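Engineer: Below you will find the structure I want to go over with you.
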Number of protein chains: 2
Amino acid sequence: MRVTMRQVAERAGVSAMTVSRVINESLRVSEGARTRVEAAIAELGYVPNRLASGLIRRKTGAIGVIVPDVANPFFTLVVRGAEEVAWRAGYHVILCNTQGDLERERGYLEDMLAFQVEGLLIVPAGDQSRPSLRVLKKNDVPFVIIDRSIAGHDGDLVQGDSVAGARRLIEHLIALGHRHIGMVTETSAVSTARDRLQGYKEALAAARIQFRPELIVEASAIDVGAAHDATVKLLDLLDPPTAIFSVNNIAVVGVAEAARERGLAIPRDLALVCFDDIEHASRFLPFLTVMVQPAETFGTIATQLLLDRLAGQVSERRRIVVLPADFIVRESCGAHVPVDDAAA
Amino acid sequence: MRVTMRQVAERAGVSAMTVSRVINESLRVSEGARTRVEAAIAELGYVPNRLASGLIRRKTGAIGVIVPDVANPFFTLVVRGAEEVAWRAGYHVILCNTQGDLERERGYLEDMLAFQVEGLLIVPAGDQSRPSLRVLKKNDVPFVIIDRSIAGHDGDLVQGDSVAGARRLIEHLIALGHRHIGMVTETSAVSTARDRLQGYKEALAAARIQFRPELIVEASAIDVGAAHDATVKLLDLLDPPTAIFSVNNIAVVGVAEAARERGLAIPRDLALVCFDDIEHASRFLPFLTVMVQPAETFGTIATQLLLDRLAGQVSERRRIVVLPADFIVRESCGAHVPVDDAAA
DNA sequence: TGCTTTCGTGGTAACGGTAACGCGATCTTT
DNA sequence: AAAGATCGCGTTACCGTTACCACGAAAGCA
């Protein structure tokens with residue numbers, strides 16, 4: 001049986017109320033009583049029950065974070081940033097992992113509500129996440145969407161500029177002479193995938209290169225195997241691409257695997273660019289040319305927006321923060337020096 | 001204000017008790033009442049308050065997981081495995097990140113208790129974590145230690161065989177002709193670091209190679225920069241090592257950075273081995289020769305042990321599971337074919 | 001038909017804390 | 001020295017839900 005406040009009170013020879021005061025405000029408690037209570041707490045190993053105090057105070061000091069995949073270094077960093085800021089503000093983070101599955105997302109979302117989190121940070125699985133968010137509104141729980149906008153939703157949002165980022169990557173490839181550029185993307189229900197495809201198209205259009213739909217293949221962004229299979233389809237084309245743009249850092253692993261199987265050396269036989277670094281890998285062997293988004297900042301800023309809402313009443317109905325990405329040229333395109341910088 | 005059960009009851013024209021029954025057992029409720037209650041729940045977006053129900057039922061359906069660093073792919077996989085098993089058993093996972101900091105570990109541990117988790121999985125920061133565990137015992141909360149044993153503690157444990165693994169890695173290096181083998185390790189308060197150092201020594205002894213303390217350098221296992229600096233010390237020796245054994249997958253990133261700065265090519269100028277893969281990186285560019293521990297299995301088995309304790313009373317006082325690691329030879333030692341396999 | 005057994009439902013207490021108030025004892029003020 | 005202010009602490013009620021018991025109505029049984 002877990003130690004309760006009354007047990008502490010009895011041992012210290014005071015009432016429960018005095019124990020509560022020692023734990024919380026620490027005002028108006030005599031030195032003697034406080035000492036005895038503290039001793040009793042230490043002896044019994046008492047830990048206050050936050051369910052009980054949360055119930056009456058209507059505050060739990062917890063915020064929920066829901067991401068599709070904690071194993072994705074991008075989201076891992078988002079979470080770390082969020083946790084850092086939350087911790088400093090005296091909040092705890094409860095983390096959930098949806099594997100990009102809508103049902104699981106919905107389940108965890110309700111679980112977080114059930115645990116009475118005071119607010120939520122959500123990287124939604126996609127546009128279909130929208131109905132789930134209505135529950136949050138009905139219960140008056142503030143939340144901030146991260147990374148992906150949701151069509152038709154108008155709450156706080158922290159995201160990158162996927163259109164511009166993708167355009168920049170493709171321009172780089174074009175400047176290096178590539179005309180057949182494949183793209184491994186994920187479902188268009190995810191706004192970043194939509195936007196990056198648009199950036200791709202814009203870059204082609206600007207260079208007067210015909211858009212060829214067969215160069216676009218789709219895979220789940222959680223599953224490396226799916227990206228591998230999609231890449232194989234690209235490489236099997238009669239007229240295969242000389243460069244591939246991967247929609248993110250997970251898919252790019254599948255692309256690399258497929259290329260290696262085919263005996264294609266990168267960048268000699270195939271150029272490769274993608275969004276978001278593979279944390280650790282990028283330091284161990286800096287190789288991939290990427291648009292690096294400030295993932296940790298996504299987390300810190302989103303948390304800040306949320307804390308604002310929790311603290312006072314923020315006047316604006318909606319706040320959108322767009323964070324720029326860094327373009328880093330490494331080896332995977334065969335251009336150590338960014339040859340197209342002069343043109344940009 | 002959040003929607004409560006009474007509001008649902010009022011709208012459905014029944015008592016709170018009936019609403020509770022609809023939500024839980026779903027026994028002994030008339031079809032009509034159930035329908036009306038379910039409609040009211042949907043309309044209002046009602047989510048039951050788990051603080052309240054947890055308070056009275058003494059069950060929250062949550063287990064806590066405490067790891068030093070979610071950004072470390074090894075721990076990320078442990079967490080994923082744990083979450084998978086927990087979810088299937090109807091439990092939720094609350095995840096915490098200590099950054100290897102004892103104080104933070106202690107804080108989160110109490111937080112988890114405060115949230116009334118039913119059990120805990122812990123990758124402790126080190127031997128000094130022991131006092132914190134006493135709080136768990138006093139409160140009768142079952143827990144399983146993962147990855148690192150704690151001197152003097154005798155609870156359930158899931159770990160790898162670090163001694164044998166390290167010995168195998170070093171034998172490999174010796175078979176390739178290396179005699180000057182450096183090791184970048186972390187504080188000996190962490191059992192895996194101790195054990196891996198012992199494996200290192202055993203392998204040297206078996207080959208009648210003199211142990212040289214100056215070849216062992218210590219760094220924090222969380223911080224890549226520290227590993228980098230430690231490696232620099234090794235490379236600055238008058239008689240620098242021709243091979244380096246990194247205690248884990250994070251430190252090895254710092255080793256690689258330091259080597260690159262010095263213009264040392266791996267494996268040409270320096271051979272490199274380590275414990276645990278860098279997830280994603282290992283698939284993107286399979287390069288490192290490693291002992292790969294089944295991280296996800298660490299998580300699943302530990303969770304299973306915990307669930308056993310939660311379900312019934314497990315008879316044994318203590319259970320220890322030791323999981324073997326896979327030795328994978330890749331390029332970082334210059335031996336694609338494991339030349340010493342015949343000798344092993 | 002009268003009796004017991006089920007079924008569907010509601011009332012009440014309790015989980016472990018805290019807000020609000022009350023009350024005697026000490027301290028301050030004029 | 002009397003009046004009020006402050007201090008230290010306890011009592012009571014309540015947060016939202018569920019365990020437990022009770023009760024009327026319908027159903028089963030003799």
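In the structure tokens, each chain is lettered A, B, ... as it comes, each chain's residues begin at 1, and ligands are numbered from 1 in order of appearance.
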Sort by chain and increasing residue number a table of all residues of chain B within 8 Å of chain D, each with its closest pair of atoms and their distance in Å to one decimal, counting only C-alpha atoms (C1' of nucleotides), and write it as CSV.
Structural biologist:
residue,atom,partner,partner_atom,distance
B:Thr4,CA,D:DG16,C1',7.2
B:Met5,CA,D:DG16,C1',7.4
B:Ser20,CA,D:DT18,C1',7.7
B:Asn49,CA,D:DG16,C1',6.7
B:Ala52,CA,D:DT17,C1',4.9
B:Ser53,CA,D:DT17,C1',4.7
B:Ile56,CA,D:DT18,C1',6.4
B:Arg57,CA,D:DT18,C1',7.1
Engineer: Which neighbours of region 213-215 of chain B fall inside 10 Å, counting only C-alpha atoms (C1' of nucleotides), when residues of the same chain fewer than 2 positions from it are skipped, and could you give them as a count of residues only?
Structural biologist: 17
Engineer: For the strand (DSSP E) assignment from backbone DSSP, which residues of region 152-291 of chain B qualify? Please present them as a list of chain:residue names.
Structural biologist: B:Asp156, B:Leu157, B:Val158, B:Gln159, B:Gly160, B:Ile181, B:Gly182, B:Met183, B:Val184, B:Thr185, B:Ile216, B:Val217, B:Glu218, B:Ala243, B:Ile244, B:Phe245, B:Ser246, B:Ala271, B:Leu272, B:Val273, B:Cys274, B:Phe275, B:Thr289, B:Val290, B:Met291
Engineer: Select all residues from chain B having any atom no more than 7 Å from an atom of chain C (counting only C-alpha atoms (C1' of nucleotides), ignoring ligands), output as a ChimeraX atom specification.
Structural biologist: /B:15,28-30,55-56
Engineer: Restricting the output to all heavy atoms, write the selected residues as a short mmCIF file (atom, residue, chain, number, x, y, z; two decimals), in the first residue's frame.
Structural biologist:
data_model
loop_
_atom_site.label_atom_id
_atom_site.label_comp_id
_atom_site.auth_asym_id
_atom_site.auth_seq_id
_atom_site.Cartn_x
_atom_site.Cartn_y
_atom_site.Cartn_z
N SER B 15 -28.62 8.89 -13.91
CA SER B 15 -27.71 9.25 -12.83
C SER B 15 -26.25 9.05 -13.27
O SER B 15 -25.98 8.38 -14.27
CB SER B 15 -27.97 8.38 -11.61
OG SER B 15 -27.45 7.10 -11.84
N ARG B 28 -25.62 -4.65 -17.35
CA ARG B 28 -26.81 -4.21 -16.64
C ARG B 28 -27.20 -2.76 -16.91
O ARG B 28 -27.41 -1.98 -15.98
CB ARG B 28 -26.63 -4.38 -15.14
CG ARG B 28 -26.31 -5.81 -14.78
CD ARG B 28 -26.74 -6.07 -13.38
NE ARG B 28 -26.66 -7.49 -13.10
CZ ARG B 28 -27.20 -8.06 -12.05
NH1 ARG B 28 -27.85 -7.32 -11.19
NH2 ARG B 28 -27.12 -9.34 -11.85
N VAL B 29 -27.18 -2.40 -18.17
CA VAL B 29 -27.69 -1.09 -18.56
C VAL B 29 -28.66 -1.33 -19.70
O VAL B 29 -28.36 -2.07 -20.63
CB VAL B 29 -26.55 -0.17 -19.04
CG1 VAL B 29 -27.10 1.17 -19.48
CG2 VAL B 29 -25.51 0.00 -17.96
N SER B 30 -29.82 -0.73 -19.61
CA SER B 30 -30.82 -0.96 -20.66
C SER B 30 -30.36 -0.34 -21.97
O SER B 30 -29.59 0.63 -21.99
CB SER B 30 -32.15 -0.35 -20.24
OG SER B 30 -32.05 1.06 -20.22
N LEU B 55 -7.97 7.53 -8.56
CA LEU B 55 -7.93 7.77 -7.12
C LEU B 55 -8.70 6.69 -6.36
O LEU B 55 -8.20 6.12 -5.40
CB LEU B 55 -8.53 9.15 -6.84
CG LEU B 55 -8.42 9.68 -5.43
CD1 LEU B 55 -6.96 9.71 -5.00
CD2 LEU B 55 -9.03 11.07 -5.35
N ILE B 56 -9.87 6.41 -6.85
CA ILE B 56 -10.70 5.46 -6.10
C ILE B 56 -10.37 4.01 -6.43
O ILE B 56 -10.45 3.13 -5.59
CB ILE B 56 -12.19 5.75 -6.33
CG1 ILE B 56 -13.04 4.98 -5.32
CG2 ILE B 56 -12.61 5.44 -7.73
CD1 ILE B 56 -14.39 5.58 -5.11
#
Engineer: Determine which residues of chain A sit within 8 Å of chain B, taking into account only C-alpha atoms, and present them as an MDAnalysis selection string.
Structural biologist: chainID A and resid 1:3 44:52 54:55 70:71 73 76:77 80 93:96 110 113:116 134:135 138:140 250 252:254 256:257 278 280:281 283:285
Engineer: Within 7 Å of Asp326 (chain A), counting only C-alpha atoms (C1' of nucleotides), which residues show up once you throw out same-chain ones fewer than 4 positions away? Write them as an NGL selection string, please.
Structural biologist: :A and (291-293)
Engineer: The coordinates of chain A, once least-squares superposed on chain B over all sequentially paired C-alpha atoms, should be supplied as a short mmCIF file (atom, residue, chain, number, x, y, z; two decimals) with C-alpha atoms, in the first residue's frame.
Structural biologist:
data_model
loop_
_atom_site.label_atom_id
_atom_site.label_comp_id
_atom_site.auth_asym_id
_atom_site.auth_seq_id
_atom_site.Cartn_x
_atom_site.Cartn_y
_atom_site.Cartn_z
CA MET A 1 -14.21 23.95 -17.92
CA ARG A 2 -13.84 20.33 -18.65
CA VAL A 3 -16.83 18.14 -19.24
CA THR A 4 -17.74 15.96 -16.27
CA MET A 5 -19.70 12.81 -15.86
CA ARG A 6 -22.56 14.61 -14.15
CA GLN A 7 -23.01 16.86 -17.14
CA VAL A 8 -23.27 13.82 -19.35
CA ALA A 9 -25.70 12.25 -16.90
CA GLU A 10 -27.91 15.31 -16.84
CA ARG A 11 -28.01 15.57 -20.61
CA ALA A 12 -28.87 11.91 -20.95
CA GLY A 13 -31.44 12.10 -18.18
CA VAL A 14 -29.84 9.42 -16.03
CA SER A 15 -27.66 9.27 -12.93
CA ALA A 16 -23.88 9.49 -12.91
CA MET A 17 -23.74 5.84 -11.96
CA THR A 18 -25.38 4.81 -15.19
CA VAL A 19 -22.88 6.82 -17.18
CA SER A 20 -20.11 5.10 -15.29
CA ARG A 21 -21.61 1.75 -16.16
CA VAL A 22 -21.83 2.61 -19.82
CA ILE A 23 -18.18 3.59 -19.83
CA ASN A 24 -16.90 0.59 -17.94
CA GLU A 25 -18.60 -2.73 -17.65
CA SER A 26 -21.47 -1.99 -20.01
CA LEU A 27 -23.48 -4.59 -18.07
CA ARG A 28 -26.97 -4.08 -16.82
CA VAL A 29 -27.77 -0.96 -18.74
CA SER A 30 -30.88 -0.78 -20.85
CA GLU A 31 -30.48 -0.24 -24.55
CA GLY A 32 -32.27 3.08 -24.40
CA ALA A 33 -30.20 4.50 -21.59
CA ARG A 34 -26.99 3.37 -23.18
CA THR A 35 -27.88 5.00 -26.47
CA ARG A 36 -28.75 8.27 -24.82
CA VAL A 37 -25.59 8.25 -22.72
CA GLU A 38 -23.41 7.49 -25.69
CA ALA A 39 -25.00 10.29 -27.64
CA ALA A 40 -24.42 12.71 -24.79
CA ILE A 41 -20.78 11.64 -24.51
CA ALA A 42 -20.23 12.22 -28.20
CA GLU A 43 -22.00 15.57 -28.21
CA LEU A 44 -20.15 16.96 -25.25
CA GLY A 45 -16.83 15.38 -26.11
CA TYR A 46 -16.68 13.86 -22.65
CA VAL A 47 -13.46 12.14 -21.59
CA PRO A 48 -13.48 10.36 -18.21
CA ASN A 49 -11.18 11.84 -15.59
CA ARG A 50 -8.58 9.25 -14.83
CA LEU A 51 -7.38 11.11 -11.80
CA ALA A 52 -10.73 10.56 -10.18
CA SER A 53 -11.16 6.95 -11.20
CA GLY A 54 -7.54 6.16 -10.48
CA LEU A 55 -7.96 7.63 -7.05
CA ILE A 56 -10.74 5.33 -6.05
CA ARG A 57 -9.71 2.25 -8.01
CA ARG A 58 -6.08 2.52 -7.07
CA LYS A 59 -5.27 1.73 -10.68
CA THR A 60 -4.15 4.19 -13.30
CA GLY A 61 -3.22 1.83 -16.12
CA ALA A 62 0.06 3.64 -16.54
CA ILE A 63 3.64 2.52 -16.20
CA GLY A 64 6.59 4.86 -16.07
CA VAL A 65 9.75 4.58 -18.13
CA ILE A 66 12.85 6.50 -17.14
CA VAL A 67 15.86 6.66 -19.46
CA PRO A 68 18.96 8.82 -19.49
CA ASP A 69 18.53 10.05 -23.06
CA VAL A 70 15.66 9.47 -25.46
CA ALA A 71 17.82 10.81 -28.27
CA ASN A 72 20.15 7.83 -27.93
CA PRO A 73 18.91 5.32 -30.51
CA PHE A 74 19.55 2.46 -28.13
CA PHE A 75 17.20 3.85 -25.52
CA THR A 76 14.74 4.96 -28.16
CA LEU A 77 14.40 1.36 -29.23
CA VAL A 78 14.11 0.16 -25.65
CA VAL A 79 11.26 2.59 -25.20
CA ARG A 80 9.56 1.54 -28.39
CA GLY A 81 9.69 -2.09 -27.36
CA ALA A 82 8.33 -1.29 -23.94
CA GLU A 83 5.54 0.82 -25.34
CA GLU A 84 4.48 -1.86 -27.75
CA VAL A 85 4.11 -4.52 -25.07
CA ALA A 86 2.56 -2.16 -22.57
CA TRP A 87 0.00 -0.92 -25.07
CA ARG A 88 -1.05 -4.46 -25.93
CA ALA A 89 -1.57 -5.19 -22.26
CA GLY A 90 -3.74 -2.10 -21.90
CA TYR A 91 -1.14 0.03 -20.19
CA HIS A 92 0.10 3.45 -21.13
CA VAL A 93 3.66 4.55 -20.98
CA ILE A 94 4.78 7.78 -19.40
CA LEU A 95 8.26 8.56 -20.54
CA CYS A 96 10.93 10.60 -18.80
CA ASN A 97 14.33 11.79 -19.75
CA THR A 98 16.98 12.37 -17.13
CA GLN A 99 19.96 13.49 -19.23
CA GLY A 100 21.92 11.17 -16.95
CA ASP A 101 21.43 13.65 -14.13
CA LEU A 102 20.83 12.08 -10.73
CA GLU A 103 18.78 14.91 -9.37
CA ARG A 104 16.52 14.96 -12.37
CA GLU A 105 16.22 11.20 -12.16
CA ARG A 106 15.17 11.44 -8.56
CA GLY A 107 12.69 14.18 -9.41
CA TYR A 108 11.08 12.27 -12.24
CA LEU A 109 10.98 9.12 -10.18
CA GLU A 110 8.94 10.85 -7.53
CA ASP A 111 6.80 12.45 -10.18
CA MET A 112 5.97 9.05 -11.60
CA LEU A 113 5.06 7.83 -8.14
CA ALA A 114 2.98 10.93 -7.63
CA PHE A 115 1.08 10.14 -10.80
CA GLN A 116 0.45 6.73 -9.32
CA VAL A 117 2.06 4.68 -12.03
CA GLU A 118 1.61 1.02 -11.28
CA GLY A 119 5.18 0.09 -12.04
CA LEU A 120 8.40 1.43 -13.50
CA LEU A 121 11.10 0.57 -16.00
CA ILE A 122 14.36 2.31 -15.25
CA VAL A 123 17.65 2.70 -17.01
CA PRO A 124 19.46 4.20 -14.04
CA ALA A 125 22.02 6.95 -14.35
CA GLY A 126 24.48 4.87 -12.36
CA ASP A 127 25.24 3.18 -9.06
CA GLN A 128 24.32 6.36 -7.23
CA SER A 129 20.74 5.86 -8.32
CA ARG A 130 20.37 3.33 -5.56
CA PRO A 131 18.99 5.56 -2.82
CA SER A 132 16.22 6.71 -5.15
CA LEU A 133 15.06 3.15 -5.54
CA ARG A 134 14.37 2.88 -1.83
CA VAL A 135 11.43 5.18 -2.26
CA LEU A 136 9.97 2.70 -4.71
CA LYS A 137 10.36 -0.14 -2.26
CA LYS A 138 8.80 1.80 0.57
CA ASN A 139 5.80 2.49 -1.58
CA ASP A 140 5.59 -1.09 -2.83
CA VAL A 141 5.89 -0.12 -6.46
CA PRO A 142 7.35 -2.87 -8.65
CA PHE A 143 10.10 -1.96 -11.06
CA VAL A 144 12.58 -3.49 -13.47
CA ILE A 145 16.08 -2.21 -14.06
CA ILE A 146 17.25 -2.18 -17.68
CA ASP A 147 20.72 -2.28 -19.19
CA ARG A 148 22.71 -1.40 -16.10
CA SER A 149 22.97 -3.31 -12.88
CA ILE A 150 23.29 -1.35 -9.68
CA ALA A 151 25.88 -2.48 -7.18
CA GLY A 152 24.09 -3.76 -4.09
CA HIS A 153 20.62 -3.80 -5.62
CA ASP A 154 18.84 -7.10 -6.15
CA GLY A 155 15.63 -6.49 -8.09
CA ASP A 156 14.56 -7.67 -11.54
CA LEU A 157 17.07 -6.89 -14.23
CA VAL A 158 17.40 -7.10 -18.02
CA GLN A 159 20.87 -6.55 -19.37
CA GLY A 160 23.40 -7.52 -22.03
CA ASP A 161 26.64 -9.36 -21.57
CA SER A 162 29.02 -6.45 -21.71
CA VAL A 163 32.09 -8.36 -20.60
CA ALA A 164 31.80 -10.98 -23.33
CA GLY A 165 30.80 -8.41 -25.93
CA ALA A 166 33.74 -6.16 -25.26
CA ARG A 167 36.11 -9.12 -25.22
CA ARG A 168 34.85 -10.19 -28.60
CA LEU A 169 35.35 -6.73 -30.10
CA ILE A 170 38.87 -6.45 -28.75
CA GLU A 171 39.76 -9.96 -29.88
CA HIS A 172 38.69 -8.90 -33.35
CA LEU A 173 41.02 -5.92 -33.26
CA ILE A 174 43.87 -8.02 -31.92
CA ALA A 175 43.35 -10.59 -34.64
CA LEU A 176 43.70 -7.79 -37.17
CA GLY A 177 47.11 -7.02 -35.72
CA HIS A 178 46.31 -4.15 -33.40
CA ARG A 179 48.34 -3.94 -30.20
CA HIS A 180 47.70 -0.33 -29.20
CA ILE A 181 43.98 -0.21 -28.55
CA GLY A 182 42.44 2.87 -27.00
CA MET A 183 39.11 2.94 -25.21
CA VAL A 184 36.72 5.85 -24.82
CA THR A 185 34.52 4.98 -21.88
CA GLU A 186 32.24 6.67 -19.42
CA THR A 187 32.20 6.90 -15.63
CA SER A 188 32.74 3.60 -13.85
CA ALA A 189 29.58 4.32 -11.86
CA VAL A 190 27.80 2.80 -14.84
CA SER A 191 27.99 -0.97 -14.78
CA THR A 192 28.18 -1.40 -18.54
CA ALA A 193 31.24 0.84 -18.64
CA ARG A 194 32.88 -1.20 -15.87
CA ASP A 195 32.04 -4.47 -17.57
CA ARG A 196 33.21 -3.38 -20.99
CA LEU A 197 36.50 -2.23 -19.56
CA GLN A 198 36.85 -5.60 -17.91
CA GLY A 199 36.17 -7.34 -21.21
CA TYR A 200 38.81 -5.16 -22.80
CA LYS A 201 41.32 -6.14 -20.14
CA GLU A 202 40.49 -9.81 -20.40
CA ALA A 203 41.04 -9.81 -24.13
CA LEU A 204 44.40 -8.10 -23.74
CA ALA A 205 45.45 -10.52 -21.04
CA ALA A 206 44.46 -13.52 -23.14
CA ALA A 207 46.69 -12.19 -25.93
CA ARG A 208 49.47 -11.35 -23.46
CA ILE A 209 49.33 -7.67 -24.29
CA GLN A 210 50.33 -5.30 -21.53
CA PHE A 211 47.44 -3.13 -20.22
CA ARG A 212 48.29 0.57 -20.47
CA PRO A 213 46.06 2.85 -18.36
CA GLU A 214 46.82 5.92 -20.47
CA LEU A 215 44.91 4.31 -23.34
CA ILE A 216 41.68 4.52 -21.33
CA VAL A 217 39.93 7.88 -21.41
CA GLU A 218 36.64 8.84 -19.82
CA ALA A 219 33.78 11.01 -21.09
CA SER A 220 30.11 11.54 -20.46
CA ALA A 221 28.03 9.11 -22.47
CA ILE A 222 25.39 11.72 -23.18
CA ASP A 223 27.66 14.30 -24.66
CA VAL A 224 29.32 13.84 -28.02
CA GLY A 225 31.62 16.78 -27.41
CA ALA A 226 33.11 15.18 -24.33
CA ALA A 227 33.88 12.00 -26.26
CA HIS A 228 35.51 14.12 -28.93
CA ASP A 229 37.77 15.81 -26.38
CA ALA A 230 38.65 12.51 -24.76
CA THR A 231 39.59 11.08 -28.13
CA VAL A 232 41.85 14.03 -28.83
CA LYS A 233 43.76 13.12 -25.68
CA LEU A 234 44.28 9.62 -27.05
CA LEU A 235 45.43 10.87 -30.42
CA ASP A 236 47.84 13.27 -28.73
CA LEU A 237 49.73 10.49 -27.00
CA LEU A 238 53.35 10.04 -28.05
CA ASP A 239 52.42 6.53 -28.98
CA PRO A 240 48.77 6.88 -30.09
CA PRO A 241 46.45 3.89 -30.51
CA THR A 242 45.91 2.31 -33.92
CA ALA A 243 42.41 1.29 -32.94
CA ILE A 244 39.74 2.69 -30.65
CA PHE A 245 36.95 0.92 -28.80
CA SER A 246 34.07 3.21 -28.00
CA VAL A 247 31.93 2.26 -25.04
CA ASN A 248 28.74 3.12 -26.91
CA ASN A 249 27.03 4.53 -29.97
CA ILE A 250 27.03 8.15 -28.82
CA ALA A 251 30.66 8.37 -27.85
CA VAL A 252 31.66 6.86 -31.18
CA VAL A 253 30.34 9.94 -32.95
CA GLY A 254 32.80 12.08 -31.00
CA VAL A 255 35.60 9.66 -31.81
CA ALA A 256 34.83 9.90 -35.51
CA GLU A 257 34.75 13.68 -35.37
CA ALA A 258 38.10 13.87 -33.65
CA ALA A 259 39.66 11.46 -36.14
CA ARG A 260 38.31 13.44 -39.07
CA GLU A 261 39.71 16.68 -37.65
CA ARG A 262 43.11 15.06 -37.46
CA GLY A 263 42.82 13.88 -41.04
CA LEU A 264 42.78 10.25 -39.94
CA ALA A 265 40.81 8.03 -42.29
CA ILE A 266 38.84 5.14 -40.87
CA PRO A 267 39.83 2.35 -41.13
CA ARG A 268 43.02 3.19 -43.00
CA ASP A 269 44.66 5.18 -40.20
CA LEU A 270 42.49 4.17 -37.30
CA ALA A 271 40.26 1.17 -36.68
CA LEU A 272 37.01 1.73 -34.81
CA VAL A 273 34.59 -0.54 -32.96
CA CYS A 274 31.80 0.15 -30.52
CA PHE A 275 28.78 -1.13 -28.66
CA ASP A 276 25.30 -0.59 -30.09
CA ASP A 277 24.33 0.55 -33.54
CA ILE A 278 23.37 4.05 -34.55
CA GLU A 279 19.84 3.32 -35.74
CA HIS A 280 19.11 4.66 -39.23
CA ALA A 281 22.77 5.51 -39.73
CA SER A 282 23.60 1.83 -39.74
CA ARG A 283 21.16 1.26 -42.54
CA PHE A 284 21.91 4.41 -44.46
CA LEU A 285 25.61 3.67 -44.57
CA PRO A 286 26.58 0.37 -42.94
CA PHE A 287 30.05 1.20 -41.81
CA LEU A 288 30.71 0.57 -38.15
CA THR A 289 31.88 -2.76 -36.80
CA VAL A 290 29.76 -3.18 -33.67
CA MET A 291 28.28 -5.38 -31.00
CA VAL A 292 24.59 -4.83 -31.57
CA GLN A 293 22.40 -5.42 -28.55
CA PRO A 294 18.74 -6.26 -29.12
CA ALA A 295 17.54 -2.96 -27.72
CA GLU A 296 13.90 -3.41 -28.53
CA THR A 297 13.96 -6.81 -26.86
CA PHE A 298 15.43 -5.23 -23.74
CA GLY A 299 12.28 -3.16 -23.63
CA THR A 300 9.78 -5.90 -24.42
CA ILE A 301 11.21 -8.39 -21.94
CA ALA A 302 11.56 -5.86 -19.16
CA THR A 303 7.97 -4.84 -19.68
CA GLN A 304 6.90 -8.45 -19.61
CA LEU A 305 8.69 -8.98 -16.31
CA LEU A 306 6.97 -5.91 -14.93
CA LEU A 307 3.54 -6.95 -16.17
CA ASP A 308 4.06 -10.33 -14.50
CA ARG A 309 4.61 -8.60 -11.21
CA LEU A 310 1.60 -6.38 -11.71
CA ALA A 311 -0.65 -9.25 -12.68
CA GLY A 312 -0.07 -11.82 -10.00
CA GLN A 313 2.44 -12.47 -7.34
CA VAL A 314 5.61 -13.73 -8.92
CA SER A 315 7.24 -16.23 -6.64
CA GLU A 316 10.88 -15.55 -7.30
CA ARG A 317 12.42 -12.72 -5.44
CA ARG A 318 14.61 -11.73 -8.32
CA ARG A 319 14.83 -12.44 -12.02
CA ILE A 320 17.78 -11.60 -14.23
CA VAL A 321 17.64 -11.80 -18.00
CA VAL A 322 20.88 -11.55 -19.96
CA LEU A 323 20.50 -10.96 -23.68
CA PRO A 324 23.31 -11.77 -26.09
CA ALA A 325 24.58 -9.22 -28.57
CA ASP A 326 25.29 -9.68 -32.27
CA PHE A 327 28.78 -9.11 -33.55
CA ILE A 328 28.58 -7.37 -36.91
CA VAL A 329 31.71 -6.83 -38.94
CA ARG A 330 31.51 -3.91 -41.31
CA GLU A 331 34.12 -1.54 -42.70
CA SER A 332 35.43 0.41 -39.77
CA CYS A 333 38.23 -2.03 -39.02
CA GLY A 334 39.24 -2.83 -42.56
CA ALA A 335 38.02 -6.39 -42.25
CA HIS A 336 34.90 -7.04 -44.28
CA VAL A 337 35.28 -10.71 -43.75
CA PRO A 338 35.60 -11.57 -40.09
CA VAL A 339 39.15 -12.90 -40.33
CA ASP A 340 39.25 -14.04 -36.75
CA ASP A 341 36.15 -16.18 -36.92
CA ALA A 342 38.16 -19.32 -37.49
CA ALA A 343 40.10 -18.64 -34.34
CA ALA A 344 37.02 -17.96 -32.26
#
Engineer: Let's see if you can do this: from backbone DSSP, list all alpha helix (DSSP H) residues in region 77-301 of chain B, as a PyMOL selection string.
Structural biologist: chain B and resi 77-88+102-114+130-138+162-175+191-206+224-235+251-261+281-284+295-301
